[in-house]
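Just input-v3.txt here, compact mmCIF, C-alpha atoms:
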# COMPACT_ATOMS: atom_id res chain seq x y z
CA MET A 1 -17.28 -33.28 6.61
CA HIS A 2 -15.69 -32.26 9.86
CA ALA A 3 -17.34 -29.08 11.20
CA ALA A 4 -14.13 -27.11 11.59
CA ARG A 5 -13.05 -28.02 8.09
CA ALA A 6 -16.42 -26.95 6.74
CA VAL A 7 -16.02 -23.55 8.39
CA ALA A 8 -12.51 -23.18 7.02
CA ASP A 9 -13.67 -24.03 3.51
CA THR A 10 -16.54 -21.58 3.74
CA ARG A 11 -14.25 -18.82 4.86
CA ALA A 12 -11.70 -19.57 2.17
CA SER A 13 -14.25 -19.37 -0.59
CA SER A 14 -16.18 -16.37 0.64
CA GLY A 15 -15.80 -13.35 -1.54
CA SER A 16 -13.02 -14.87 -3.57
CA GLY A 17 -14.63 -17.29 -5.95
CA VAL A 18 -11.85 -19.72 -5.03
CA ASP A 19 -13.27 -22.96 -3.72
CA ARG A 20 -10.21 -24.51 -2.18
CA MET A 21 -7.15 -22.45 -1.66
CA LYS A 22 -3.92 -24.24 -0.84
CA TYR A 23 -2.72 -21.30 1.21
CA GLN A 24 -5.45 -20.06 3.51
CA LYS A 25 -3.82 -18.60 6.60
CA ILE A 26 -1.33 -15.92 5.67
CA GLY A 27 1.11 -14.03 7.85
CA VAL A 28 1.84 -10.40 7.06
CA VAL A 29 4.75 -8.83 8.94
CA GLY A 30 4.81 -5.05 9.06
CA ALA A 31 1.78 -2.74 9.10
CA GLY A 32 3.21 0.07 7.00
CA VAL A 33 1.94 1.18 3.61
CA MET A 34 2.83 -2.10 1.88
CA GLY A 35 1.78 -4.44 4.67
CA ILE A 36 -1.61 -2.73 4.78
CA GLY A 37 -2.08 -3.13 1.03
CA VAL A 38 -1.03 -6.78 1.08
CA ALA A 39 -3.36 -7.56 4.00
CA GLU A 40 -6.30 -5.84 2.30
CA ASN A 41 -5.68 -7.70 -0.95
CA LEU A 42 -5.41 -11.03 0.86
CA ALA A 43 -8.59 -10.51 2.88
CA THR A 44 -10.52 -9.39 -0.19
CA THR A 45 -9.51 -12.57 -1.99
CA GLY A 46 -10.78 -14.72 0.89
CA HIS A 47 -7.67 -15.42 2.98
CA GLN A 48 -7.40 -15.42 6.73
CA VAL A 49 -4.71 -12.85 7.53
CA ILE A 50 -2.57 -12.26 10.59
CA VAL A 51 -0.84 -8.87 10.59
CA VAL A 52 2.07 -8.53 13.00
CA ASP A 53 3.78 -5.28 13.88
CA VAL A 54 5.79 -4.29 16.93
CA ALA A 55 3.87 -1.00 17.19
CA GLU A 56 0.33 -1.13 18.55
CA GLU A 57 -0.35 2.30 17.05
CA ALA A 58 0.62 1.11 13.58
CA LEU A 59 -1.81 -1.79 13.90
CA LYS A 60 -4.65 0.52 14.93
CA ALA A 61 -3.91 2.85 12.03
CA ALA A 62 -3.73 -0.13 9.67
CA ARG A 63 -7.17 -1.31 10.67
CA ILE A 64 -8.67 2.15 10.12
CA GLN A 65 -6.97 2.52 6.76
CA ILE A 66 -8.05 -0.90 5.47
CA ASP A 67 -11.60 -0.26 6.63
CA ARG A 68 -11.61 3.06 4.81
CA SER A 69 -10.12 1.62 1.66
CA LEU A 70 -12.67 -1.21 1.57
CA ARG A 71 -15.55 1.22 2.11
CA CYS A 72 -14.29 3.55 -0.62
CA ALA A 73 -13.95 0.85 -3.26
CA VAL A 74 -17.50 1.48 -4.44
CA LEU A 75 -16.60 5.08 -5.27
CA TRP A 76 -13.93 4.37 -7.84
CA ASN A 77 -14.85 0.88 -8.90
CA SER A 78 -18.50 0.29 -9.62
CA GLY A 79 -17.68 -3.37 -10.23
CA ALA A 80 -16.23 -3.76 -6.73
CA PRO A 81 -17.50 -6.80 -4.85
CA ARG A 82 -20.55 -5.94 -2.81
CA GLU A 83 -19.51 -8.17 0.05
CA ASP A 84 -19.94 -6.39 3.36
CA HIS A 85 -16.64 -4.62 4.02
CA SER A 86 -16.80 -5.54 7.71
CA ALA A 87 -16.88 -9.25 6.77
CA ILE A 88 -13.67 -8.75 4.81
CA LEU A 89 -12.09 -6.80 7.64
CA ASP A 90 -13.02 -9.58 10.08
CA ARG A 91 -10.68 -11.91 8.21
CA ILE A 92 -7.73 -9.85 9.40
CA ALA A 93 -6.26 -10.26 12.88
CA PHE A 94 -3.89 -7.55 14.12
CA THR A 95 -1.32 -8.42 16.77
CA THR A 96 2.07 -7.53 18.19
CA GLU A 97 2.77 -11.22 18.94
CA TYR A 98 5.00 -13.01 16.46
CA GLU A 99 3.90 -16.32 17.99
CA ALA A 100 0.52 -15.83 16.25
CA LEU A 101 2.36 -16.83 13.07
CA SER A 102 3.02 -20.38 14.27
CA ALA A 103 0.47 -21.96 11.91
CA VAL A 104 0.57 -19.77 8.80
CA ASP A 105 0.70 -21.37 5.33
CA PHE A 106 2.60 -18.52 3.67
CA LEU A 107 4.25 -15.35 4.92
CA VAL A 108 4.84 -11.90 3.40
CA GLU A 109 7.38 -9.73 5.19
CA ASN A 110 7.05 -5.94 4.76
CA SER A 111 9.20 -4.42 7.49
CA THR A 112 11.18 -1.19 7.15
CA GLU A 113 13.92 -1.25 4.52
CA ARG A 114 16.77 -1.58 7.01
CA TRP A 115 19.11 -4.54 7.22
CA SER A 116 19.47 -4.06 10.98
CA ILE A 117 15.72 -4.66 11.37
CA LYS A 118 15.31 -7.45 8.84
CA LYS A 119 18.27 -9.47 10.09
CA GLU A 120 16.52 -9.78 13.44
CA ILE A 121 13.12 -10.61 12.00
CA TYR A 122 14.01 -13.52 9.71
CA PRO A 123 15.66 -15.82 12.29
CA ARG A 124 12.70 -15.13 14.57
CA LEU A 125 10.19 -16.02 11.87
CA ASP A 126 12.26 -19.08 11.06
CA ARG A 127 11.89 -20.34 14.63
CA ILE A 128 8.14 -19.66 14.83
CA CYS A 129 6.65 -20.44 11.41
CA PRO A 130 6.03 -24.00 10.14
CA PRO A 131 9.05 -25.47 8.31
CA ALA A 132 7.10 -25.71 5.05
CA CYS A 133 6.10 -22.04 5.09
CA VAL A 134 7.54 -19.91 2.28
CA PHE A 135 8.83 -16.47 3.28
CA ALA A 136 8.20 -13.76 0.69
CA ALA A 137 10.27 -10.64 1.29
CA ASN A 138 8.42 -7.56 0.07
CA THR A 139 11.58 -5.53 0.16
CA SER A 140 12.68 -2.57 -1.96
CA ALA A 141 16.32 -3.28 -2.59
CA ILE A 142 17.99 -5.61 -0.06
CA ALA A 143 19.26 -8.75 -1.80
CA ILE A 144 16.99 -11.70 -1.07
CA SER A 145 19.91 -14.14 -0.73
CA ARG A 146 21.20 -12.09 2.17
CA LEU A 147 17.86 -12.45 3.97
CA ALA A 148 17.68 -16.15 3.10
CA ASP A 149 21.08 -16.70 4.70
CA THR A 150 19.70 -15.74 8.10
CA THR A 151 17.25 -18.69 8.07
CA THR A 152 17.43 -22.48 7.99
CA ARG A 153 15.17 -22.52 4.90
CA PRO A 154 17.06 -20.51 2.26
CA ASP A 155 15.35 -22.50 -0.51
CA LYS A 156 12.00 -21.12 0.69
CA VAL A 157 12.91 -17.42 0.89
CA VAL A 158 11.92 -15.48 -2.20
CA GLY A 159 11.49 -11.83 -3.12
CA MET A 160 7.96 -10.60 -3.78
CA HIS A 161 8.02 -6.93 -4.67
CA PHE A 162 4.43 -5.69 -4.64
CA MET A 163 3.56 -2.31 -6.11
CA ASN A 164 1.46 0.33 -4.39
CA PRO A 165 -1.53 0.36 -4.15
CA VAL A 166 -1.32 -3.42 -3.83
CA PRO A 167 -5.01 -4.27 -4.40
CA LYS A 168 -4.95 -2.38 -7.71
CA LYS A 169 -1.75 -3.76 -9.18
CA LYS A 170 -2.08 -7.03 -11.02
CA PHE A 171 1.61 -7.77 -11.49
CA VAL A 172 4.30 -8.45 -8.93
CA GLU A 173 8.05 -8.45 -9.39
CA VAL A 174 9.14 -11.83 -8.03
CA ILE A 175 12.82 -12.26 -7.25
CA ARG A 176 14.31 -15.75 -7.27
CA THR A 177 17.65 -16.62 -5.75
CA ARG A 178 20.04 -19.38 -6.79
CA LEU A 179 18.89 -21.30 -3.72
CA ASN A 180 15.16 -21.36 -4.51
CA SER A 181 13.69 -24.76 -5.31
CA GLU A 182 11.23 -25.31 -8.14
CA ALA A 183 8.67 -26.18 -5.45
CA THR A 184 9.08 -22.72 -3.94
CA LEU A 185 8.60 -21.00 -7.28
CA LEU A 186 5.50 -23.08 -7.92
CA ALA A 187 4.20 -22.16 -4.47
CA VAL A 188 4.77 -18.48 -5.24
CA LYS A 189 2.88 -18.75 -8.50
CA GLU A 190 -0.04 -20.47 -6.83
CA PHE A 191 -0.09 -18.02 -3.93
CA LEU A 192 -0.11 -15.01 -6.26
CA GLY A 193 -2.84 -16.68 -8.30
CA GLN A 194 -4.95 -16.86 -5.16
CA MET A 195 -4.37 -13.08 -4.77
CA LYS A 196 -5.47 -12.63 -8.43
CA LYS A 197 -2.00 -11.57 -9.41
CA GLU A 198 0.73 -12.64 -11.81
CA ALA A 199 4.47 -12.77 -11.37
CA ILE A 200 7.23 -11.27 -13.44
CA LEU A 201 10.24 -13.37 -12.49
CA VAL A 202 13.68 -11.75 -12.22
CA ASN A 203 16.98 -12.73 -10.64
CA ASP A 204 18.37 -11.54 -7.33
CA MET A 205 20.49 -8.40 -7.32
CA PRO A 206 20.02 -5.38 -5.03
CA GLY A 207 17.07 -3.28 -6.23
CA PHE A 208 16.10 -6.06 -8.68
CA VAL A 209 14.78 -4.46 -11.89
CA SER A 210 12.23 -1.92 -10.71
CA ASN A 211 14.05 -0.07 -7.97
CA ARG A 212 17.52 -0.27 -9.48
CA VAL A 213 16.12 1.83 -12.33
CA LEU A 214 13.28 3.75 -10.69
CA MET A 215 15.31 5.07 -7.75
CA LEU A 216 17.80 6.69 -10.11
CA MET A 217 15.00 8.38 -12.00
CA ILE A 218 13.31 9.64 -8.84
CA ASN A 219 16.57 10.84 -7.31
CA GLU A 220 17.41 12.73 -10.50
CA ALA A 221 13.91 14.25 -10.62
CA ILE A 222 14.47 15.49 -7.07
CA GLY A 223 17.82 16.88 -8.21
CA VAL A 224 16.06 18.82 -10.95
CA VAL A 225 13.81 20.47 -8.35
CA GLN A 226 16.81 21.09 -6.10
CA ASP A 227 18.63 22.84 -8.97
CA GLU A 228 15.49 24.91 -9.65
CA VAL A 229 15.25 23.70 -13.23
CA ALA A 230 11.50 23.31 -12.75
CA SER A 231 8.87 23.05 -10.06
CA ALA A 232 7.78 19.63 -8.83
CA HIS A 233 4.48 20.16 -10.60
CA ASP A 234 6.18 20.86 -13.93
CA VAL A 235 8.70 18.03 -13.58
CA ASP A 236 5.82 15.59 -13.30
CA ARG A 237 3.87 17.28 -16.08
CA VAL A 238 6.78 16.69 -18.46
CA PHE A 239 6.60 12.96 -17.79
CA VAL A 240 2.81 12.71 -17.76
CA GLN A 241 1.97 15.07 -20.60
CA CYS A 242 5.03 14.70 -22.83
CA ALA A 243 6.15 11.15 -22.16
CA GLY A 244 2.75 9.62 -21.50
CA HIS A 245 3.60 8.24 -18.07
CA LYS A 246 0.60 7.51 -15.88
CA MET A 247 2.22 9.23 -12.92
CA GLY A 248 5.23 11.56 -12.68
CA PRO A 249 8.40 10.57 -10.78
CA LEU A 250 7.73 12.92 -7.86
CA ALA A 251 4.12 11.85 -7.36
CA THR A 252 5.47 8.30 -7.50
CA ALA A 253 8.02 9.18 -4.85
CA ASP A 254 5.27 10.62 -2.64
CA LEU A 255 3.26 7.43 -3.12
CA ILE A 256 6.16 5.16 -2.19
CA GLY A 257 7.17 7.38 0.73
CA LEU A 258 10.24 9.62 0.70
CA ASP A 259 11.68 7.83 3.74
CA THR A 260 11.52 4.54 1.84
CA ILE A 261 13.11 6.20 -1.21
CA LEU A 262 15.97 7.43 0.97
CA LEU A 263 16.50 4.06 2.64
CA THR A 264 16.38 2.29 -0.72
CA LEU A 265 18.94 4.64 -2.27
CA ASP A 266 21.19 4.08 0.75
CA VAL A 267 20.92 0.30 0.29
CA LEU A 268 21.70 0.61 -3.43
CA HIS A 269 24.65 2.91 -2.76
CA GLU A 270 26.04 0.54 -0.15
CA SER A 271 25.42 -2.52 -2.34
CA TYR A 272 26.90 -1.27 -5.61
CA GLY A 273 29.36 1.27 -4.24
CA ASN A 274 28.39 3.59 -7.08
CA SER A 275 27.97 7.30 -6.43
CA LYS A 276 25.07 7.48 -8.85
CA TYR A 277 22.92 6.23 -5.98
CA VAL A 278 23.90 8.99 -3.54
CA PRO A 279 20.61 10.58 -2.40
CA CYS A 280 20.02 14.27 -3.17
CA ASP A 281 20.37 16.71 -0.29
CA LEU A 282 16.80 17.86 -0.87
CA LEU A 283 15.53 14.32 -0.30
CA ARG A 284 17.41 14.07 3.00
CA GLN A 285 16.09 17.47 4.08
CA MET A 286 12.50 16.58 3.29
CA VAL A 287 12.70 13.29 5.17
CA GLY A 288 14.36 15.09 8.07
CA ALA A 289 11.50 17.58 8.12
CA GLY A 290 8.88 14.82 8.18
CA ARG A 291 7.64 15.51 4.66
CA LEU A 292 7.33 11.87 3.68
CA GLY A 293 4.69 12.03 0.93
CA ARG A 294 1.17 10.65 1.08
CA LYS A 295 1.70 8.90 4.37
CA SER A 296 2.43 12.18 6.17
CA GLY A 297 -0.01 14.29 4.13
CA ARG A 298 2.74 16.24 2.39
CA GLY A 299 5.75 15.54 0.22
CA PHE A 300 6.41 17.15 -3.15
CA PHE A 301 2.64 17.56 -3.30
CA GLU A 302 -0.02 18.08 -0.70
CA TYR A 303 -2.52 15.40 0.23
CA SER A 304 -4.01 17.09 3.24
CA LYS A 305 -5.13 15.43 6.41
CA MET B 1 -14.55 28.84 7.40
CA ARG B 2 -17.73 27.38 5.97
CA ALA B 3 -17.88 23.83 4.66
CA LYS B 4 -17.81 24.86 1.00
CA GLU B 5 -14.71 27.02 1.46
CA ARG B 6 -12.93 24.26 3.33
CA ILE B 7 -13.74 21.80 0.55
CA ARG B 8 -12.72 24.27 -2.15
CA ASP B 9 -9.48 24.91 -0.28
CA TYR B 10 -8.83 21.17 -0.11
CA PHE B 11 -9.23 20.77 -3.87
CA SER B 12 -7.06 23.77 -4.67
CA ARG B 13 -4.26 22.38 -2.48
CA THR B 14 -4.45 18.79 -3.69
CA VAL B 15 -5.31 18.85 -7.38
CA GLN B 16 -3.60 22.17 -8.08
CA ALA B 17 -6.27 23.25 -10.51
CA SER B 18 -9.30 25.49 -10.38
CA ILE B 19 -12.49 23.44 -10.31
CA ASP B 20 -16.01 24.78 -10.67
CA ASP B 21 -18.29 23.92 -7.78
CA ASP B 22 -20.57 21.87 -10.02
CA ALA B 23 -17.87 20.22 -12.14
CA ASP B 24 -17.99 16.42 -11.94
CA ILE B 25 -14.65 15.29 -10.54
CA PHE B 26 -15.24 11.78 -11.89
CA ASP B 27 -15.73 13.15 -15.41
CA LEU B 28 -12.59 15.23 -14.94
CA GLY B 29 -10.68 12.00 -14.30
CA LEU B 30 -9.52 13.11 -10.86
CA VAL B 31 -10.81 10.10 -8.97
CA ASP B 32 -8.79 6.93 -8.79
CA SER B 33 -8.47 4.48 -5.92
CA LEU B 34 -5.92 6.65 -4.13
CA PHE B 35 -7.83 9.88 -4.48
CA ALA B 36 -11.11 8.28 -3.42
CA VAL B 37 -9.60 7.12 -0.13
CA GLN B 38 -7.85 10.45 0.34
CA LEU B 39 -11.06 12.39 -0.29
CA VAL B 40 -13.12 10.34 2.14
CA ALA B 41 -10.34 10.59 4.72
CA PHE B 42 -10.37 14.38 4.32
CA VAL B 43 -14.14 14.63 4.72
CA GLU B 44 -14.22 12.34 7.76
CA ASP B 45 -11.26 13.95 9.51
CA GLU B 46 -11.99 17.58 8.60
CA PHE B 47 -15.64 17.51 9.64
CA SER B 48 -15.52 14.73 12.26
CA ILE B 49 -18.16 12.69 10.49
CA VAL B 50 -18.26 9.08 9.37
CA ALA B 51 -19.27 8.21 5.83
CA GLU B 52 -21.40 5.10 6.23
CA SER B 53 -21.70 2.51 3.49
CA GLU B 54 -24.97 4.04 2.28
CA ASP B 55 -23.28 7.47 2.07
CA LEU B 56 -20.46 6.25 -0.13
CA HIS B 57 -22.18 6.92 -3.37
CA ILE B 58 -20.89 8.89 -6.32
CA ARG B 59 -23.80 11.34 -6.03
CA ASN B 60 -22.38 12.54 -2.69
CA PHE B 61 -18.78 12.87 -3.86
CA CYS B 62 -19.03 13.92 -7.50
CA SER B 63 -18.45 17.67 -7.08
CA ILE B 64 -17.61 20.39 -4.59
CA ALA B 65 -21.29 21.32 -4.45
CA ALA B 66 -22.38 17.70 -3.85
CA LEU B 67 -19.76 17.21 -1.17
CA THR B 68 -20.85 20.41 0.54
CA ARG B 69 -24.48 19.27 0.57
CA PHE B 70 -23.42 15.88 1.91
CA VAL B 71 -21.27 17.34 4.68
CA GLU B 72 -23.89 19.91 5.72
CA THR B 73 -26.58 17.21 5.84
CA LYS B 74 -24.39 14.91 7.94
CA LEU B 75 -23.50 17.74 10.31
CA ALA B 76 -27.15 18.77 10.64
CA ASN B 77 -28.23 15.18 11.27
CA GLY B 78 -25.48 14.83 13.84
CA LEU B 79 -26.66 17.96 15.65
CA ALA B 80 -30.26 16.74 15.50
CA ALA B 81 -29.23 13.39 16.98
CA GLU B 82 -27.48 15.14 19.87
CA ARG B 83 -30.63 17.05 20.82
How does this structure look as structure tokens?
Amino acid sequence: MHAARAVADTRASSGSGVDRMKYQKIGVVGAGVMGIGVAENLATTGHQVIVVDVAEEALKAARIQIDRSLRCAVLWNSGAPREDHSAILDRIAFTTEYEALSAVDFLVENSTERWSIKKEIYPRLDRICPPACVFAANTSAIAISRLADTTTRPDKVVGMHFMNPVPKKKFVEVIRTRLNSEATLLAVKEFLGQMKKEAILVNDMPGFVSNRVLMLMINEAIGVVQDEVASAHDVDRVFVQCAGHKMGPLATADLIGLDTILLTLDVLHESYGNSKYVPCDLLRQMVGAGRLGRKSGRGFFEYSK
Amino acid sequence: MRAKERIRDYFSRTVQASIDDDADIFDLGLVDSLFAVQLVAFVEDEFSIVAESEDLHIRNFCSIAALTRFVETKLANGLAAER
């Protein structure tokens, strides 16, 4: 066997139990909450990962956060793989250079939920990445077809809506467009299998299933706090204690990030033209004040830095 | 503020419940993947220490009392290393 190939095969199988993965080198665009989770999941399952973000600071923070998350796994999961966390971290390269994505086998895009940003990113990725590379948009609400239209490979652009925290969530909402080929959907299934995940396939409409429903619930829960019907703590208790939800809507909002909630509601409002998606004033005020949820240390609840 | 008070204060702000110093936070069901990372981040940032792989054991993080012992030991070892 050729030496380089032998090294590649060793790397691909290490820590993952997967002997030969079809997709080994994965591009991850965006080093925010979701990009970090996707990169960690990919590295843990044996992939070589290239994380690209325009902000050097975001990349530094991403590295620290992934390192911390890998180290902490033993605390909450006694069955966590005992592979040295630094070996997993070494599979991830962090860079501001998009050109580093020129040889990736698969790409997951996780940039900020703004059309003005994404419409610049996709044509750029289209020029740099190999023609066979599938682009998976990990977006909250923007229609996938709209993103696909900015590339020369619309059949290979699919929605892949991961949930947070990515390494802990087994299922992914996959959004297919009318332009997707069967080959692309098969590639998606295989790729998610390599990440130890399964797809729930839905069709392309803004917000898909999850966020078209969830954003309304969260926005209304914020409205309840705004109207002083109940405290944030009690709003969530109603859903957790009475309705049996694992997490209340406001803790969920803090986990997603209130800035992302606001951007997603704006996209839904613009897309459907329905006033039911108009964000609550309280949400705008909190985002304006920098209370973004877990990522800033404080949202409806405190997480402390 | 002493380490124990700072840790108590952290729990009162984040879990919004009164917890006995010796109560096992794992038994209480407070620790999931998110809280584990958050808790370690708090300890490392608040006390300027690094929890090494060998430190990341449930016995060091299972209660306010255990965390306090862990932090005080790390701080003492750090001071000793500086001398």
Proximal residues of chain B relative to chain A (all atoms listed in the file; 10 Å) as a CSV table (one decimal) with C-alpha atoms, keeping the file's coordinate frame:
chain,number,residue,atom,x,y,z
B,10,TYR,CA,-8.8,21.2,-0.1
B,11,PHE,CA,-9.2,20.8,-3.9
B,12,SER,CA,-7.1,23.8,-4.7
B,13,ARG,CA,-4.3,22.4,-2.5
B,14,THR,CA,-4.4,18.8,-3.7
B,15,VAL,CA,-5.3,18.8,-7.4
B,16,GLN,CA,-3.6,22.2,-8.1
B,26,PHE,CA,-15.2,11.8,-11.9
B,31,VAL,CA,-10.8,10.1,-9.0
B,32,ASP,CA,-8.8,6.9,-8.8
B,33,SER,CA,-8.5,4.5,-5.9
B,34,LEU,CA,-5.9,6.6,-4.1
B,35,PHE,CA,-7.8,9.9,-4.5
B,36,ALA,CA,-11.1,8.3,-3.4
B,37,VAL,CA,-9.6,7.1,-0.1
B,38,GLN,CA,-7.8,10.4,0.3
B,39,LEU,CA,-11.1,12.4,-0.3
B,40,VAL,CA,-13.1,10.3,2.1
B,41,ALA,CA,-10.3,10.6,4.7
B,42,PHE,CA,-10.4,14.4,4.3
B,43,VAL,CA,-14.1,14.6,4.7
B,44,GLU,CA,-14.2,12.3,7.8
B,45,ASP,CA,-11.3,14.0,9.5
B,46,GLU,CA,-12.0,17.6,8.6
B,51,ALA,CA,-19.3,8.2,5.8
B,52,GLU,CA,-21.4,5.1,6.2
B,53,SER,CA,-21.7,2.5,3.5
B,54,GLU,CA,-25.0,4.0,2.3
B,55,ASP,CA,-23.3,7.5,2.1
B,56,LEU,CA,-20.5,6.2,-0.1
B,57,HIS,CA,-22.2,6.9,-3.4
B,58,ILE,CA,-20.9,8.9,-6.3
B,59,ARG,CA,-23.8,11.3,-6.0
B,60,ASN,CA,-22.4,12.5,-2.7
B,61,PHE,CA,-18.8,12.9,-3.9
B,62,CYS,CA,-19.0,13.9,-7.5
Practice task
Identify the residues within 9 Å of coordinate (7.8, -0.8, 15.4) (same frame as the file), considering all atoms listed in the file, and give the answer as a ChimeraX atom specification.
Solution key: /A:30-31,53-58,111-112
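Residues lying within 10 Å of Leu125 (chain A), counting all atoms listed in the file and ignoring same-chain neighbours fewer than 5 positions away, are Val29, Tyr98, Glu99, Leu101, Ser102, Leu107, Glu109, Glu120, Pro130, Cys133, Phe135 and Thr151 of chain A.
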Completion exercise
Computed gap from CA of Lys196 (chain A) to CA of Asp27 (chain B) is 28.6 Å
Handout entry: Polymer residues at most 8 Å from Asn180 (chain A), all atoms listed in the file, same-chain spacing of 5 or more positions, as a ChimeraX atom specification
Key = /A:154-158,185
Practice task
May I have the residues within 12 Å of Phe239 (chain A) as a list of chain:residue names, using only C-alpha atoms and disregarding those fewer than 3 positions away in the same chain?
Solution key: A:Met217, A:Ile218, A:Ala221, A:Ala232, A:His233, A:Asp234, A:Val235, A:Asp236, A:Cys242, A:Ala243, A:Gly244, A:His245, A:Lys246, A:Met247, A:Gly248, A:Pro249, A:Leu250, A:Ala251, A:Thr252
